[in-house]
Amino acid sequence: RKAGADAALGEYVVCVDGDDWVAENHLENFYSIIQEFSPDIVIGTGGYSCFPVIYAASKMGIKTIIHESNAYPGKSTRLLSKYADKVLLNCEESKKYFNNKNKISITGNPFLSGFLKGVQKGEKGNETVILCFGGSLGADKINDCAYSICKNILAESKNIRLIWGCGKREYERCKSLLKDIGVRNVELRDYIDNMPEIISIADIVICRSGAMSIAEMSYNKKCTVFIPSPNVTDNHQYKNARVLSDKNAAILVEEKDIDTVIPILSELIVNKEK
């Protein structure tokens with residue numbers, strides 16, 4: 001038969017007319033490593049590198065668990081659900097993508113203990129604090145949005161403070177942009193290493209909608225504007241954000257509509273109850 005190979009799962013799995021085929025001759029190393037380690041349980045969290053490990057462990061009779069952090073499960077997770085003993089999901093909406101409902105438990109996503117209640121909050125005055133970040137490397141569209149906030153909102157009010165995590169890659173560019181407009185009530189960081197503390201004082205958050213950001217903002221009940229990255233597999237960040245926006249628990253702005261963030265922010269600052 002003509003095979004439709006899925007490169008996302010590497011050389012270990014090839015999709016043939018919708019069925020998964022595992023190249024057994026590539027699994028010998030995994031059998032050997034698992035046997036040497038002798039685990040009681042093997043846990044996988046998705047991605048193509050996870051597939052051969054969980055598959056091999058299941059064939060060896062070892063208990064296996066897979067966890068899916070995104071609203072739309074990746075291909076590895078969907079295929080492995082046939083072999084794993086338990087399937088752990090972040091949200092209820094993901095269940096529809098699996099046939100073996102009896103294996104499923106809704107557990108949410110794990111995150112840093114620093115986000116748990118009781119963490120010491122950062123210092124904050126009476127100002128409205130906006131947190132804007134695009135990940136450790138930064139995201140140019142998010143940074144452009146933060147710059148617009150500086151020009152259109154911060155420049156008009158001294159009672160609004162922006163904490164801007166621009167990423168190491170974009171730091172010099174963003175620093176230069178700020179210098180040109182001379183706004184003082186902004187804190188520019190190349191990396192935010194005390195995120196639990198910063199989130200604790202933020203009134204409004206603007207960020208991507210990766211699985212961990214969704215979990216952290218949900219747990220902390222933050223007013224969040226999610227701008228999903230369009231450059232991810234299966235558009236999963238958009239689907240993550242939809243889970244909350246459909247429940248009126250967050251605001252979803254697609255990157256192509258990023259210019260609407262400024263009027264949205266202006267409304268949120270004025271209407272704090274919203």
# chains A, B, ... in the order shown; residues from 1 in each chain; ligands from 1
>>> select_by_dssp(residues="region 6-209 of chain A", states="strand (DSSP E)", output="JSON, numbers by chain")
{"A": [13, 14, 15, 16, 19, 20, 21, 22, 41, 42, 43, 44, 63, 64, 65, 66, 67, 68, 86, 87, 88, 89, 104, 105, 106, 128, 129, 130, 131, 132, 133, 160, 161, 162, 163, 164, 165, 186, 187, 188, 189, 204, 205, 206, 207]}
>>> select_by_dssp(residues="region 126-227 of chain A", states="alpha helix (DSSP H)", output="VMD selection string")
chain A and resid 140 to 152 171 to 181 195 to 201 211 to 219
>>> closest_residue(among="A:Glu255, A:Lys222, A:Ser32, A:Ile43", to="Asp140 (chain A)", atoms="only C-alpha atoms")
A:Glu255
>>> closest_residue(among="A:Ile251, A:Leu80, A:Ile34, A:Met217", to="Gly47 (chain A)", atoms="only C-alpha atoms")
A:Leu80
>>> decode(residues="region 105-117 of chain A", atoms="all heavy atoms", output="PDB file, in the first residue's frame")
ATOM      1  N   SER A 105      -8.614  10.328  32.877  1.00  0.00           N
ATOM      2  CA  SER A 105      -8.834  11.118  34.090  1.00  0.00           C
ATOM      3  C   SER A 105      -8.485  12.571  33.775  1.00  0.00           C
ATOM      4  O   SER A 105      -7.497  12.843  33.091  1.00  0.00           O
ATOM      5  CB  SER A 105      -7.952  10.625  35.248  1.00  0.00           C
ATOM      6  OG  SER A 105      -8.318   9.326  35.646  1.00  0.00           O
ATOM      7  N   ILE A 106      -9.291  13.503  34.269  1.00  0.00           N
ATOM      8  CA  ILE A 106      -9.017  14.927  34.087  1.00  0.00           C
ATOM      9  C   ILE A 106      -8.214  15.391  35.306  1.00  0.00           C
ATOM     10  O   ILE A 106      -8.733  15.429  36.421  1.00  0.00           O
ATOM     11  CB  ILE A 106     -10.309  15.752  33.954  1.00  0.00           C
ATOM     12  CG1 ILE A 106     -11.221  15.142  32.876  1.00  0.00           C
ATOM     13  CG2 ILE A 106      -9.982  17.204  33.641  1.00  0.00           C
ATOM     14  CD1 ILE A 106     -10.609  15.100  31.490  1.00  0.00           C
ATOM     15  N   THR A 107      -6.969  15.734  35.082  1.00  0.00           N
ATOM     16  CA  THR A 107      -6.073  16.076  36.191  1.00  0.00           C
ATOM     17  C   THR A 107      -5.619  17.529  36.179  1.00  0.00           C
ATOM     18  O   THR A 107      -5.069  18.020  37.167  1.00  0.00           O
ATOM     19  CB  THR A 107      -4.809  15.201  36.147  1.00  0.00           C
ATOM     20  OG1 THR A 107      -4.091  15.456  34.926  1.00  0.00           O
ATOM     21  CG2 THR A 107      -5.157  13.720  36.220  1.00  0.00           C
ATOM     22  N   GLY A 108      -5.807  18.230  35.053  1.00  0.00           N
ATOM     23  CA  GLY A 108      -5.209  19.549  34.915  1.00  0.00           C
ATOM     24  C   GLY A 108      -3.727  19.418  34.596  1.00  0.00           C
ATOM     25  O   GLY A 108      -3.228  18.321  34.330  1.00  0.00           O
ATOM     26  N   ASN A 109      -3.037  20.552  34.622  1.00  0.00           N
ATOM     27  CA  ASN A 109      -1.605  20.569  34.322  1.00  0.00           C
ATOM     28  C   ASN A 109      -0.790  20.825  35.584  1.00  0.00           C
ATOM     29  O   ASN A 109      -1.194  21.631  36.422  1.00  0.00           O
ATOM     30  CB  ASN A 109      -1.273  21.670  33.305  1.00  0.00           C
ATOM     31  CG  ASN A 109      -1.566  21.244  31.887  1.00  0.00           C
ATOM     32  OD1 ASN A 109      -1.653  20.066  31.589  1.00  0.00           O
ATOM     33  ND2 ASN A 109      -1.721  22.208  31.001  1.00  0.00           N
ATOM     34  N   PRO A 110       0.358  20.181  35.709  1.00  0.00           N
ATOM     35  CA  PRO A 110       1.251  20.503  36.837  1.00  0.00           C
ATOM     36  C   PRO A 110       1.944  21.841  36.580  1.00  0.00           C
ATOM     37  O   PRO A 110       2.177  22.215  35.434  1.00  0.00           O
ATOM     38  CB  PRO A 110       2.265  19.355  36.814  1.00  0.00           C
ATOM     39  CG  PRO A 110       2.307  18.928  35.383  1.00  0.00           C
ATOM     40  CD  PRO A 110       0.916  19.141  34.842  1.00  0.00           C
ATOM     41  N   PHE A 111       2.237  22.586  37.643  1.00  0.00           N
ATOM     42  CA  PHE A 111       3.007  23.815  37.473  1.00  0.00           C
ATOM     43  C   PHE A 111       3.825  24.078  38.729  1.00  0.00           C
ATOM     44  O   PHE A 111       3.718  23.360  39.727  1.00  0.00           O
ATOM     45  CB  PHE A 111       2.128  25.013  37.111  1.00  0.00           C
ATOM     46  CG  PHE A 111       0.915  25.213  37.990  1.00  0.00           C
ATOM     47  CD1 PHE A 111       1.019  25.801  39.231  1.00  0.00           C
ATOM     48  CD2 PHE A 111      -0.330  24.819  37.548  1.00  0.00           C
ATOM     49  CE1 PHE A 111      -0.084  25.993  40.028  1.00  0.00           C
ATOM     50  CE2 PHE A 111      -1.456  25.003  38.337  1.00  0.00           C
ATOM     51  CZ  PHE A 111      -1.327  25.593  39.583  1.00  0.00           C
ATOM     52  N   LEU A 112       4.665  25.094  38.683  1.00  0.00           N
ATOM     53  CA  LEU A 112       5.593  25.386  39.763  1.00  0.00           C
ATOM     54  C   LEU A 112       4.871  25.604  41.084  1.00  0.00           C
ATOM     55  O   LEU A 112       3.829  26.256  41.136  1.00  0.00           O
ATOM     56  CB  LEU A 112       6.412  26.633  39.431  1.00  0.00           C
ATOM     57  CG  LEU A 112       7.390  26.531  38.255  1.00  0.00           C
ATOM     58  CD1 LEU A 112       7.978  27.912  37.957  1.00  0.00           C
ATOM     59  CD2 LEU A 112       8.502  25.552  38.577  1.00  0.00           C
ATOM     60  N   SER A 113       5.443  25.077  42.163  1.00  0.00           N
ATOM     61  CA  SER A 113       4.836  25.218  43.484  1.00  0.00           C
ATOM     62  C   SER A 113       4.734  26.681  43.901  1.00  0.00           C
ATOM     63  O   SER A 113       3.911  27.035  44.743  1.00  0.00           O
ATOM     64  CB  SER A 113       5.637  24.433  44.527  1.00  0.00           C
ATOM     65  OG  SER A 113       6.974  24.911  44.588  1.00  0.00           O
ATOM     66  N   GLY A 114       5.573  27.533  43.301  1.00  0.00           N
ATOM     67  CA  GLY A 114       5.530  28.956  43.618  1.00  0.00           C
ATOM     68  C   GLY A 114       4.215  29.608  43.262  1.00  0.00           C
ATOM     69  O   GLY A 114       3.902  30.697  43.759  1.00  0.00           O
ATOM     70  N   PHE A 115       3.400  28.961  42.419  1.00  0.00           N
ATOM     71  CA  PHE A 115       2.107  29.523  42.052  1.00  0.00           C
ATOM     72  C   PHE A 115       1.015  29.173  43.056  1.00  0.00           C
ATOM     73  O   PHE A 115      -0.090  29.701  42.983  1.00  0.00           O
ATOM     74  CB  PHE A 115       1.683  29.020  40.672  1.00  0.00           C
ATOM     75  CG  PHE A 115       2.437  29.663  39.543  1.00  0.00           C
ATOM     76  CD1 PHE A 115       3.437  28.971  38.884  1.00  0.00           C
ATOM     77  CD2 PHE A 115       2.155  30.951  39.159  1.00  0.00           C
ATOM     78  CE1 PHE A 115       4.142  29.562  37.845  1.00  0.00           C
ATOM     79  CE2 PHE A 115       2.845  31.552  38.122  1.00  0.00           C
ATOM     80  CZ  PHE A 115       3.840  30.860  37.467  1.00  0.00           C
ATOM     81  N   LEU A 116       1.307  28.282  43.989  1.00  0.00           N
ATOM     82  CA  LEU A 116       0.294  27.861  44.944  1.00  0.00           C
ATOM     83  C   LEU A 116      -0.061  29.006  45.883  1.00  0.00           C
ATOM     84  O   LEU A 116       0.753  29.883  46.162  1.00  0.00           O
ATOM     85  CB  LEU A 116       0.786  26.650  45.750  1.00  0.00           C
ATOM     86  CG  LEU A 116       1.095  25.393  44.928  1.00  0.00           C
ATOM     87  CD1 LEU A 116       1.651  24.304  45.820  1.00  0.00           C
ATOM     88  CD2 LEU A 116      -0.158  24.902  44.216  1.00  0.00           C
ATOM     89  N   LYS A 117      -1.258  28.968  46.397  1.00  0.00           N
ATOM     90  CA  LYS A 117      -1.708  30.026  47.298  1.00  0.00           C
ATOM     91  C   LYS A 117      -0.802  30.090  48.525  1.00  0.00           C
ATOM     92  O   LYS A 117      -0.354  29.077  49.046  1.00  0.00           O
ATOM     93  CB  LYS A 117      -3.154  29.781  47.720  1.00  0.00           C
ATOM     94  CG  LYS A 117      -4.158  29.957  46.580  1.00  0.00           C
ATOM     95  CD  LYS A 117      -5.575  29.688  47.034  1.00  0.00           C
ATOM     96  CE  LYS A 117      -6.548  29.884  45.887  1.00  0.00           C
ATOM     97  NZ  LYS A 117      -7.934  29.592  46.270  1.00  0.00           N
TER      98      LYS A 117
END
